[in-house]
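A short worksheet on the structure shown next.
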Amino acid sequence: MSFYTASATAPVNIATLKYWGKRDKSLNLPTNSSISVTLSQDDLRTLTSVATSDEYKEDILWLNGKPESLTSERTKACLADLRKLRAEMEGTDPSLPQLSKWKLHIVSENNFPTAAGLASSAAGFAALVVAIAKLFKLPQDMSEISKIARKGSGSACRSLFGGYVAWEMGDLENGEDSKAVEVAPVSHWPTMKAAILVVSDDKKDTPSTSGMQTTVATSDLFEHRIKNVVPARFEEMKKSIHDKNFEVFGKLTMQDSNSFHAVCLDSYPPIFYLTDTSKKIIKLVHQLNDAEGKIIAAYTFDAGPNAVIYYEQQNESKVLGLIHKHFSLIPGWDKVDTSKLETVDIAADENIHKGVSKLILTLVGLGPQETSESLISKTGEPLST
Ligand SMILES: Nc1ncnc2c1ncn2[C@@H]1O[C@H](COP(=O)(O)OP(=O)(O)OP(=O)(O)O)[C@@H](O)[C@H]1O
Ligand SMILES: C[C@@](O)(CCOP(=O)(O)OP(=O)(O)O)CC(=O)O
């Protein structure tokens, strides 16, 4: 029996300029370009192992220990593209094993809640595509591979790079120019940190895909957003990253989160992702920035109520001081010497912590990594971990 295997890890990314709207649903082509920060895999990551053998009977995926369907059009599109690239290599070099014709066994684990608005689909599809690209020894660069991950989940294309990443929407109908590119590596601005307040890790109400479709079909504000707001913001945000200008970056990040949730509300029927707790957190961040007289913290919310608060290392004592004042009772403080945090005198509803289940403290991080750690046995079954 012939057996080949490879494993890769991939990070979560949280957009600071949101992707919301598709111009082509099957190719996952967006109506606007977007920007994100890749988060450290020490805290949030997917590990995916893939194996192929001439004896496997079917493609199988085990996600977090359970068999998961591989029949979705999106996953099929990713596997078909990867096999096509491998088949091209085999066509030019007949000595290569015919991996493109064999079935795949895939074992994947997320070290954080799946489908809870923490971008599991982004890390998941990025890890899947990178692991198979390694297995097939594909020569394509990460931007090329990002076009395949994009077909799995739009935001996944941005998880192909570390640091600061843009997804250029492109304008070709076949999507060949709709790809992720690096804006700047982690080393350019390594002091960017993120505090994630997990407001709910239940599965969310309106999935991103259907939410976007409703918005594109019904919101007038959305037209304004994609034509008049995002194009200039995309350039300004890239510049703020190049300049390491947190004041500009933070303001644009908060404005874009608000703009995205405004078009959700303007959809018909309206889509609500922010909860009362999310709104109270927004208010706290504005109060902190007002008290400082400048922007030192910036919130952003995806298609769910969880708050991601970006800040720079040099302001950690103040930003975490505020968060600790209100959320000291929730788990997630083990990495911090809380006695050293600044006392920040900003009041909020005394029960605000009850809406939050945990805190994840993380920072900007690297892109996908090949790893020798494997989740799959020689017989192609998940290894118990
Ligand atoms: N490790 C993985 N490997 C393959 N697919 C995955 C993996 N993790 C998640 N997915 C896919 O992504 C789906 C979850 O995507 P969904 O968009 O609902 O949630 P999310 O990505 O956590 O939230 P959001 O996109 O709003 O941040 C899962 O049901 C699964 O199909
Ligand atoms: C609000 C967002 O997080 C939406 C992400 O949407 P998805 O990438 O999950 O959508 P699909 O392409 O349909 O899989 C904003 C963002 O990440 O840019």
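Residue names in the structure tokens use chain letters A, B, ... in the order shown, residue numbers from 1 in each chain, and ligand numbers from 1 in the order shown.
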
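Residues with any atom within 9 Å of Leu138 in chain A, counting only C-alpha atoms and excluding same-chain neighbours fewer than 6 positions away, are Leu82, Leu85, Arg86, Met89 and Ile132 of chain A.
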
Take the selection from the previous step and output its residues with all heavy atoms, as a PDB file, in the first residue's frame.
```
ATOM      1  N   LEU A  82      -7.385  21.641  -6.010  1.00  0.00           N
ATOM      2  CA  LEU A  82      -6.079  21.121  -5.571  1.00  0.00           C
ATOM      3  C   LEU A  82      -5.685  19.899  -6.412  1.00  0.00           C
ATOM      4  O   LEU A  82      -4.532  19.761  -6.837  1.00  0.00           O
ATOM      5  CB  LEU A  82      -6.131  20.766  -4.077  1.00  0.00           C
ATOM      6  CG  LEU A  82      -6.244  21.987  -3.144  1.00  0.00           C
ATOM      7  CD1 LEU A  82      -6.842  21.599  -1.790  1.00  0.00           C
ATOM      8  CD2 LEU A  82      -4.875  22.649  -2.941  1.00  0.00           C
ATOM      9  N   LEU A  85      -4.447  20.969  -9.893  1.00  0.00           N
ATOM     10  CA  LEU A  85      -3.053  21.441  -9.917  1.00  0.00           C
ATOM     11  C   LEU A  85      -2.082  20.259  -9.812  1.00  0.00           C
ATOM     12  O   LEU A  85      -1.052  20.215 -10.484  1.00  0.00           O
ATOM     13  CB  LEU A  85      -2.800  22.443  -8.783  1.00  0.00           C
ATOM     14  CG  LEU A  85      -3.553  23.773  -8.874  1.00  0.00           C
ATOM     15  CD1 LEU A  85      -3.263  24.637  -7.650  1.00  0.00           C
ATOM     16  CD2 LEU A  85      -3.163  24.534 -10.151  1.00  0.00           C
ATOM     17  N   ARG A  86      -2.425  19.289  -8.962  1.00  0.00           N
ATOM     18  CA  ARG A  86      -1.575  18.102  -8.832  1.00  0.00           C
ATOM     19  C   ARG A  86      -1.558  17.311 -10.154  1.00  0.00           C
ATOM     20  O   ARG A  86      -0.508  16.853 -10.602  1.00  0.00           O
ATOM     21  CB  ARG A  86      -2.097  17.225  -7.690  1.00  0.00           C
ATOM     22  CG  ARG A  86      -1.421  15.865  -7.551  1.00  0.00           C
ATOM     23  CD  ARG A  86       0.010  15.964  -7.075  1.00  0.00           C
ATOM     24  NE  ARG A  86       0.687  14.672  -7.244  1.00  0.00           N
ATOM     25  CZ  ARG A  86       1.906  14.396  -6.807  1.00  0.00           C
ATOM     26  NH1 ARG A  86       2.612  15.311  -6.175  1.00  0.00           N
ATOM     27  NH2 ARG A  86       2.457  13.215  -7.007  1.00  0.00           N
ATOM     28  N   MET A  89       0.841  18.672 -12.597  1.00  0.00           N
ATOM     29  CA  MET A  89       2.230  18.270 -12.304  1.00  0.00           C
ATOM     30  C   MET A  89       2.485  16.838 -12.759  1.00  0.00           C
ATOM     31  O   MET A  89       3.525  16.534 -13.351  1.00  0.00           O
ATOM     32  CB  MET A  89       2.493  18.319 -10.792  1.00  0.00           C
ATOM     33  CG  MET A  89       2.700  19.702 -10.227  1.00  0.00           C
ATOM     34  SD  MET A  89       2.669  19.633  -8.420  1.00  0.00           S
ATOM     35  CE  MET A  89       4.137  18.699  -8.048  1.00  0.00           C
ATOM     36  N   ILE A 132      -3.193  20.004   2.142  1.00  0.00           N
ATOM     37  CA  ILE A 132      -3.259  19.233   0.887  1.00  0.00           C
ATOM     38  C   ILE A 132      -2.234  19.764  -0.125  1.00  0.00           C
ATOM     39  O   ILE A 132      -1.595  18.986  -0.842  1.00  0.00           O
ATOM     40  CB  ILE A 132      -4.692  19.234   0.307  1.00  0.00           C
ATOM     41  CG1 ILE A 132      -5.658  18.571   1.306  1.00  0.00           C
ATOM     42  CG2 ILE A 132      -4.742  18.498  -1.034  1.00  0.00           C
ATOM     43  CD1 ILE A 132      -7.132  18.652   0.924  1.00  0.00           C
TER      44      ILE A 132
END
```

Give the residue list for ligand 1 at 8 Å, counting only C-alpha atoms and all ligand atoms, as JSON, numbers by chain, sorted by chain and then by residue number. {"A": [14, 46, 47, 48, 61, 63, 64, 68, 107, 108, 109, 110, 113, 114, 115, 116, 117, 118, 119, 120, 121, 122, 123, 124, 125, 127, 128, 153, 155, 203, 204, 207, 208, 209, 302, 303, 304]}

Show me, as a PDB file with N, CA, C and O atoms, in the first residue's frame, the residues that have an atom within 12 Å of Leu366 in chain A when counting only C-alpha atoms, minus same-chain residues fewer than 6 positions from it.
```pdb
ATOM      1  N   THR A   9      -0.793  23.787  10.198  1.00  0.00           N
ATOM      2  CA  THR A   9      -1.643  24.583  11.080  1.00  0.00           C
ATOM      3  C   THR A   9      -1.976  25.888  10.377  1.00  0.00           C
ATOM      4  O   THR A   9      -1.221  26.347   9.516  1.00  0.00           O
ATOM      5  N   ALA A  10      -3.109  26.460  10.740  1.00  0.00           N
ATOM      6  CA  ALA A  10      -3.469  27.771  10.162  1.00  0.00           C
ATOM      7  C   ALA A  10      -4.139  28.625  11.235  1.00  0.00           C
ATOM      8  O   ALA A  10      -4.771  28.105  12.164  1.00  0.00           O
ATOM      9  N   PRO A  11      -3.987  29.939  11.097  1.00  0.00           N
ATOM     10  CA  PRO A  11      -4.498  30.866  12.112  1.00  0.00           C
ATOM     11  C   PRO A  11      -5.905  31.375  11.802  1.00  0.00           C
ATOM     12  O   PRO A  11      -6.399  31.283  10.683  1.00  0.00           O
ATOM     13  N   VAL A  12      -6.471  31.974  12.814  1.00  0.00           N
ATOM     14  CA  VAL A  12      -7.699  32.756  12.680  1.00  0.00           C
ATOM     15  C   VAL A  12      -7.306  34.159  12.226  1.00  0.00           C
ATOM     16  O   VAL A  12      -6.222  34.636  12.552  1.00  0.00           O
ATOM     17  N   ASN A  13      -8.164  34.800  11.452  1.00  0.00           N
ATOM     18  CA  ASN A  13      -7.941  36.230  11.196  1.00  0.00           C
ATOM     19  C   ASN A  13      -9.227  36.962  11.545  1.00  0.00           C
ATOM     20  O   ASN A  13     -10.326  36.420  11.377  1.00  0.00           O
ATOM     21  N   VAL A  37      -6.278  41.252  10.523  1.00  0.00           N
ATOM     22  CA  VAL A  37      -5.083  40.969  11.316  1.00  0.00           C
ATOM     23  C   VAL A  37      -5.123  39.471  11.626  1.00  0.00           C
ATOM     24  O   VAL A  37      -6.153  38.941  12.050  1.00  0.00           O
ATOM     25  N   THR A  38      -4.006  38.801  11.367  1.00  0.00           N
ATOM     26  CA  THR A  38      -3.897  37.373  11.684  1.00  0.00           C
ATOM     27  C   THR A  38      -3.521  37.233  13.148  1.00  0.00           C
ATOM     28  O   THR A  38      -2.604  37.904  13.626  1.00  0.00           O
ATOM     29  N   LEU A  39      -4.240  36.347  13.855  1.00  0.00           N
ATOM     30  CA  LEU A  39      -3.986  36.191  15.294  1.00  0.00           C
ATOM     31  C   LEU A  39      -3.067  35.000  15.569  1.00  0.00           C
ATOM     32  O   LEU A  39      -2.997  34.054  14.782  1.00  0.00           O
ATOM     33  N   SER A  40      -2.387  35.083  16.702  1.00  0.00           N
ATOM     34  CA  SER A  40      -1.368  34.084  17.041  1.00  0.00           C
ATOM     35  C   SER A  40      -1.952  32.675  17.163  1.00  0.00           C
ATOM     36  O   SER A  40      -2.974  32.456  17.820  1.00  0.00           O
ATOM     37  N   GLN A  41      -1.231  31.737  16.575  1.00  0.00           N
ATOM     38  CA  GLN A  41      -1.674  30.341  16.650  1.00  0.00           C
ATOM     39  C   GLN A  41      -1.395  29.725  18.020  1.00  0.00           C
ATOM     40  O   GLN A  41      -1.865  28.621  18.296  1.00  0.00           O
ATOM     41  N   ASP A  42      -0.658  30.429  18.868  1.00  0.00           N
ATOM     42  CA  ASP A  42      -0.483  29.918  20.230  1.00  0.00           C
ATOM     43  C   ASP A  42      -1.835  29.868  20.943  1.00  0.00           C
ATOM     44  O   ASP A  42      -2.037  29.071  21.862  1.00  0.00           O
ATOM     45  N   ASP A  43      -2.749  30.741  20.535  1.00  0.00           N
ATOM     46  CA  ASP A  43      -4.044  30.826  21.225  1.00  0.00           C
ATOM     47  C   ASP A  43      -5.202  30.253  20.400  1.00  0.00           C
ATOM     48  O   ASP A  43      -6.089  29.624  20.947  1.00  0.00           O
ATOM     49  N   LEU A  44      -5.205  30.521  19.105  1.00  0.00           N
ATOM     50  CA  LEU A  44      -6.305  30.075  18.253  1.00  0.00           C
ATOM     51  C   LEU A  44      -5.721  29.474  16.977  1.00  0.00           C
ATOM     52  O   LEU A  44      -5.064  30.186  16.210  1.00  0.00           O
ATOM     53  N   ARG A  45      -5.954  28.181  16.772  1.00  0.00           N
ATOM     54  CA  ARG A  45      -5.439  27.610  15.536  1.00  0.00           C
ATOM     55  C   ARG A  45      -6.182  26.327  15.157  1.00  0.00           C
ATOM     56  O   ARG A  45      -6.794  25.665  15.991  1.00  0.00           O
ATOM     57  N   ARG A 158      -7.736  35.035   3.698  1.00  0.00           N
ATOM     58  CA  ARG A 158      -6.841  35.934   4.431  1.00  0.00           C
ATOM     59  C   ARG A 158      -6.008  35.183   5.476  1.00  0.00           C
ATOM     60  O   ARG A 158      -5.024  35.718   5.971  1.00  0.00           O
ATOM     61  N   SER A 159      -6.415  33.944   5.833  1.00  0.00           N
ATOM     62  CA  SER A 159      -5.639  33.168   6.824  1.00  0.00           C
ATOM     63  C   SER A 159      -4.423  32.494   6.198  1.00  0.00           C
ATOM     64  O   SER A 159      -3.740  31.719   6.861  1.00  0.00           O
ATOM     65  N   LEU A 160      -4.146  32.763   4.924  1.00  0.00           N
ATOM     66  CA  LEU A 160      -2.975  32.174   4.264  1.00  0.00           C
ATOM     67  C   LEU A 160      -1.700  32.963   4.543  1.00  0.00           C
ATOM     68  O   LEU A 160      -0.610  32.544   4.168  1.00  0.00           O
ATOM     69  N   PHE A 161      -1.867  34.140   5.180  1.00  0.00           N
ATOM     70  CA  PHE A 161      -0.708  34.973   5.511  1.00  0.00           C
ATOM     71  C   PHE A 161      -0.747  35.340   6.994  1.00  0.00           C
ATOM     72  O   PHE A 161      -1.828  35.430   7.580  1.00  0.00           O
ATOM     73  N   GLY A 162       0.429  35.620   7.544  1.00  0.00           N
ATOM     74  CA  GLY A 162       0.496  36.160   8.886  1.00  0.00           C
ATOM     75  C   GLY A 162       0.438  37.675   8.838  1.00  0.00           C
ATOM     76  O   GLY A 162       0.371  38.286   7.763  1.00  0.00           O
ATOM     77  N   GLY A 163       0.459  38.292  10.013  1.00  0.00           N
ATOM     78  CA  GLY A 163       0.543  39.751  10.090  1.00  0.00           C
ATOM     79  C   GLY A 163      -0.726  40.438   9.628  1.00  0.00           C
ATOM     80  O   GLY A 163      -1.824  40.130  10.099  1.00  0.00           O
ATOM     81  N   TYR A 164      -0.543  41.339   8.668  1.00  0.00           N
ATOM     82  CA  TYR A 164      -1.633  42.212   8.207  1.00  0.00           C
ATOM     83  C   TYR A 164      -1.921  41.854   6.758  1.00  0.00           C
ATOM     84  O   TYR A 164      -1.006  41.822   5.927  1.00  0.00           O
ATOM     85  N   VAL A 165      -3.181  41.570   6.467  1.00  0.00           N
ATOM     86  CA  VAL A 165      -3.495  40.924   5.189  1.00  0.00           C
ATOM     87  C   VAL A 165      -4.649  41.631   4.494  1.00  0.00           C
ATOM     88  O   VAL A 165      -5.618  42.042   5.138  1.00  0.00           O
ATOM     89  N   GLU A 182      -0.156  39.972   1.313  1.00  0.00           N
ATOM     90  CA  GLU A 182       0.355  40.494   2.595  1.00  0.00           C
ATOM     91  C   GLU A 182       0.417  42.018   2.528  1.00  0.00           C
ATOM     92  O   GLU A 182       0.954  42.566   1.579  1.00  0.00           O
ATOM     93  N   ALA A 184       1.562  43.698   5.456  1.00  0.00           N
ATOM     94  CA  ALA A 184       2.819  43.807   6.206  1.00  0.00           C
ATOM     95  C   ALA A 184       2.966  42.552   7.064  1.00  0.00           C
ATOM     96  O   ALA A 184       1.969  42.019   7.565  1.00  0.00           O
ATOM     97  N   PRO A 185       4.208  42.081   7.244  1.00  0.00           N
ATOM     98  CA  PRO A 185       4.404  40.893   8.088  1.00  0.00           C
ATOM     99  C   PRO A 185       4.303  41.247   9.573  1.00  0.00           C
ATOM    100  O   PRO A 185       4.339  42.430   9.938  1.00  0.00           O
ATOM    101  N   VAL A 186       4.206  40.247  10.419  1.00  0.00           N
ATOM    102  CA  VAL A 186       4.143  40.458  11.875  1.00  0.00           C
ATOM    103  C   VAL A 186       5.291  41.353  12.332  1.00  0.00           C
ATOM    104  O   VAL A 186       5.110  42.244  13.166  1.00  0.00           O
ATOM    105  N   SER A 187       6.496  41.097  11.778  1.00  0.00           N
ATOM    106  CA  SER A 187       7.700  41.811  12.249  1.00  0.00           C
ATOM    107  C   SER A 187       7.599  43.320  12.021  1.00  0.00           C
ATOM    108  O   SER A 187       8.267  44.091  12.704  1.00  0.00           O
ATOM    109  N   HIS A 188       6.761  43.745  11.085  1.00  0.00           N
ATOM    110  CA  HIS A 188       6.619  45.178  10.817  1.00  0.00           C
ATOM    111  C   HIS A 188       5.943  45.897  11.986  1.00  0.00           C
ATOM    112  O   HIS A 188       6.299  47.012  12.356  1.00  0.00           O
ATOM    113  N   PRO A 190       4.818  44.286  15.417  1.00  0.00           N
ATOM    114  CA  PRO A 190       4.588  43.108  16.265  1.00  0.00           C
ATOM    115  C   PRO A 190       3.894  43.421  17.583  1.00  0.00           C
ATOM    116  O   PRO A 190       3.555  42.509  18.334  1.00  0.00           O
TER     117      PRO A 190
END
```

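Among the candidates A:Glu168, A:Glu235, A:Asp59, A:Asp93, the residue lying nearest to ligand 2 is A:Glu168 (atoms considered: only C-alpha atoms and all ligand atoms).
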
Those in range 259-377 of chain A with strand (DSSP E) from DSSP, as an MDAnalysis selection string: chainID A and resid 297:300 307:312 358:363 369:370

Would you write out, as a tab-separated table, a table of all residues in range 288-370 of chain A that have an atom no more than 6 Å from an atom of range 192-199 of chain A, listing for each the closest atom pair and the distance in Å to one decimal, considering only C-alpha atoms and ordering rows by chain and rising residue number?
```
residue	atom	partner	partner_atom	distance
A:Pro305	CA	A:Val199	CA	5.8
A:Asn306	CA	A:Val199	CA	4.8
A:Ala307	CA	A:Leu197	CA	5.1
A:Val308	CA	A:Ile196	CA	4.4
A:Ile309	CA	A:Ala195	CA	5.1
A:Tyr310	CA	A:Ala194	CA	4.5
A:Tyr311	CA	A:Lys193	CA	5.4
A:Glu312	CA	A:Met192	CA	4.7
A:Gly355	CA	A:Val199	CA	5.9
A:Val356	CA	A:Val199	CA	4.3
A:Ser357	CA	A:Val198	CA	5.7
A:Lys358	CA	A:Val198	CA	5.3
A:Leu359	CA	A:Leu197	CA	4.8
A:Ile360	CA	A:Ile196	CA	4.9
A:Leu361	CA	A:Ala195	CA	4.7
A:Thr362	CA	A:Ala194	CA	5.2
A:Leu363	CA	A:Lys193	CA	4.0
A:Val364	CA	A:Met192	CA	5.8
```

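All residues within range 48-116 of chain A that the backbone DSSP calculation assigns to helix (DSSP H, G or I) are Glu73, Arg74, Thr75, Lys76, Ala77, Cys78, Leu79, Ala80, Asp81, Leu82, Arg83, Lys84, Leu85, Arg86, Ala87, Glu88, Met89, Glu90, Gly91, Thr92, Leu99, Ser100 and Lys101 of chain A.
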